[in-house]
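Enquirer: What follows is a single structure, and I will ask about it in a moment.
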Amino acid sequence: MPQTYSFSEPERFVAGTVGEPGQRTFFLQARDGQRLATVLLEKEQVQALAERMDELLDQVVRRTGGSAPVPALPPDEVDDTDPLDQPIDSEFRVGTMTLSWDNDEGRVVVEAYATGEEDEPLQEDEPPPDRDVLVVSMTGTAARAFAKRAHALVAAGRPSCPLCALPLDPEGHVCPRQNGYMRRQEE
């Protein structure tokens with residue numbers, strides 16, 4: 001039987017990592033009181049979620065003429081730079097995610113579904129069948145704060161090679177634009 005981890009206006013909803021750049025593992029974590037849910041996902045999923053969340057919030061502001069409870073930028077007092085809550089025990093690995101605006105409640109809703117044997121493309125408004133899911137409903141302010149932290153988290157990875165844009169490891173990498181010569185990271 002699939003498990004639903006539902007959080008309506010959690011005290012905390014963040015993306016975070018464990019490990020060093022190049023070896024990081026990415027997580028989403030929601031906490032409300034003593035309840036804590038952590039799910040595992042890919043860096044690209046964190047990046048896509050943050051970008052789409054900002055786009056969704058900008059669209060809500062445009063469509064409502066600025067009357068929606070969504071700030072253009074997250075206020076400084078909601079910045080969350082703390083590490084992930086312990087223990088970091090992943091409930092599942094995220095496959096499909098949905099992002100929506102609940103117009104009646106004035107909230108952003110994130111649904112992160114567990115991977116299945118086959119992650120087939122979904123029809124609009126069709127949730128994946130029989131999978132665990134993390135559902136988080138949050139204010140526009142909390143969503144802006146989530147996106148800001150997620151963007152910073154993704155940007156904090158390894159620097160890119162100025163020639164090929166591939167990530168540089170501390171010991172360098174074989175750069176295709178240098179005909180296979182080892183390119184070292186500048187100190």
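We name chains A, B, ... following the order of the structure tokens; residues begin at 1 in each chain, and ligands are numbered from 1 as shown.
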May I have the residues within 10 Å of Ala165 of chain A as a count of residues only, using only C-alpha atoms and disregarding those fewer than 6 positions away in the same chain?

Expert: 3

Enquirer: Please identify all polymer residues within 10 Å of Leu84 of chain A, counting only C-alpha atoms, omitting same-chain residues fewer than 5 positions from it, and present them as a count of residues only.

Expert: 12

Enquirer: Excluding Ala150 of chain A and its own-chain neighbours fewer than 3 positions away, which residues fall within 10 Å of it when counting only C-alpha atoms? Please give them as a VMD selection string.

Expert: chain A and resid 14 to 16 28 43 46 to 51 144 to 147 153 to 156

Enquirer: Write a file of the just-selected residues containing N, CA and C atoms, as a JSON list (two decimals), in the first residue's frame.

Expert:
[["chain", "number", "residue", "atom", "x", "y", "z"],
["A", 14, "VAL", "N", 13.06, 22.05, 2.70],
["A", 14, "VAL", "CA", 14.33, 22.46, 2.10],
["A", 14, "VAL", "C", 14.91, 21.36, 1.23],
["A", 15, "ALA", "N", 15.79, 21.78, 0.34],
["A", 15, "ALA", "CA", 16.65, 20.86, -0.38],
["A", 15, "ALA", "C", 18.01, 20.94, 0.31],
["A", 16, "GLY", "N", 18.69, 19.82, 0.40],
["A", 16, "GLY", "CA", 20.00, 19.80, 1.05],
["A", 16, "GLY", "C", 20.85, 18.67, 0.49],
["A", 28, "LEU", "N", 15.30, 16.15, -0.45],
["A", 28, "LEU", "CA", 14.25, 17.09, -0.05],
["A", 28, "LEU", "C", 13.85, 16.67, 1.35],
["A", 43, "LYS", "N", 20.45, 15.98, -8.51],
["A", 43, "LYS", "CA", 20.76, 17.41, -8.57],
["A", 43, "LYS", "C", 19.90, 18.10, -9.63],
["A", 46, "VAL", "N", 16.45, 18.87, -8.36],
["A", 46, "VAL", "CA", 16.43, 20.03, -7.46],
["A", 46, "VAL", "C", 16.48, 21.31, -8.29],
["A", 47, "GLN", "N", 17.36, 21.34, -9.28],
["A", 47, "GLN", "CA", 17.49, 22.51, -10.13],
["A", 47, "GLN", "C", 16.19, 22.79, -10.89],
["A", 48, "ALA", "N", 15.60, 21.76, -11.47],
["A", 48, "ALA", "CA", 14.35, 21.93, -12.23],
["A", 48, "ALA", "C", 13.22, 22.39, -11.31],
["A", 49, "LEU", "N", 13.13, 21.83, -10.12],
["A", 49, "LEU", "CA", 12.08, 22.22, -9.19],
["A", 49, "LEU", "C", 12.22, 23.69, -8.81],
["A", 50, "ALA", "N", 13.43, 24.14, -8.50],
["A", 50, "ALA", "CA", 13.65, 25.54, -8.12],
["A", 50, "ALA", "C", 13.31, 26.48, -9.28],
["A", 51, "GLU", "N", 13.75, 26.13, -10.49],
["A", 51, "GLU", "CA", 13.47, 26.98, -11.66],
["A", 51, "GLU", "C", 11.97, 27.05, -11.93],
["A", 144, "ARG", "N", 9.33, 30.83, -2.28],
["A", 144, "ARG", "CA", 10.45, 31.67, -2.74],
["A", 144, "ARG", "C", 11.72, 31.34, -1.95],
["A", 145, "ALA", "N", 11.57, 31.14, -0.64],
["A", 145, "ALA", "CA", 12.73, 30.81, 0.20],
["A", 145, "ALA", "C", 13.30, 29.44, -0.20],
["A", 146, "PHE", "N", 12.41, 28.46, -0.49],
["A", 146, "PHE", "CA", 12.86, 27.15, -0.94],
["A", 146, "PHE", "C", 13.67, 27.29, -2.23],
["A", 147, "ALA", "N", 13.13, 28.02, -3.21],
["A", 147, "ALA", "CA", 13.79, 28.17, -4.50],
["A", 147, "ALA", "C", 15.14, 28.85, -4.36],
["A", 153, "LEU", "N", 22.22, 25.93, -3.53],
["A", 153, "LEU", "CA", 22.71, 24.57, -3.32],
["A", 153, "LEU", "C", 23.30, 23.99, -4.61],
["A", 154, "VAL", "N", 22.58, 24.16, -5.71],
["A", 154, "VAL", "CA", 23.04, 23.65, -7.00],
["A", 154, "VAL", "C", 24.30, 24.39, -7.44],
["A", 155, "ALA", "N", 24.32, 25.71, -7.24],
["A", 155, "ALA", "CA", 25.47, 26.52, -7.66],
["A", 155, "ALA", "C", 26.73, 26.24, -6.83],
["A", 156, "ALA", "N", 26.56, 25.65, -5.65],
["A", 156, "ALA", "CA", 27.70, 25.39, -4.76],
["A", 156, "ALA", "C", 28.48, 24.14, -5.14]]

Enquirer: Return the single residue from A:Val174, A:Val94, A:Leu166, A:Val70 that is closest to Thr139 of chain A, with distances computed using only C-alpha atoms.

Expert: A:Val70

Enquirer: Hey, what's within 10 Å of segment 57-61 of chain A if we count only C-alpha atoms and toss same-chain stuff fewer than 2 positions away? As a PyMOL selection string, please?

Expert: chain A and resi 52-55+63-72+100-101+103+106-108+140-141+143-144

Enquirer: Could you pull out the alpha helix (DSSP H) residues of segment 102-166 of chain A from DSSP and send them as a list in words?

Expert: Gly140, Thr141, Ala142, Ala143, Arg144, Ala145, Phe146, Ala147, Lys148, Arg149, Ala150, His151, Ala152, Leu153, Val154 and Ala155 of chain A

Enquirer: Just to confirm, what's the straight-line distance from atom CA of Glu42 of chain A to atom CA of Pro176 of chain A in Å (one decimal)?

Expert: 25.1 Å

Enquirer: Ranking A:Gly95, A:Gly172, A:Pro10, A:Pro75 by minimum distance to Arg31 of chain A and counting only C-alpha atoms, which one comes first?

Expert: A:Pro10
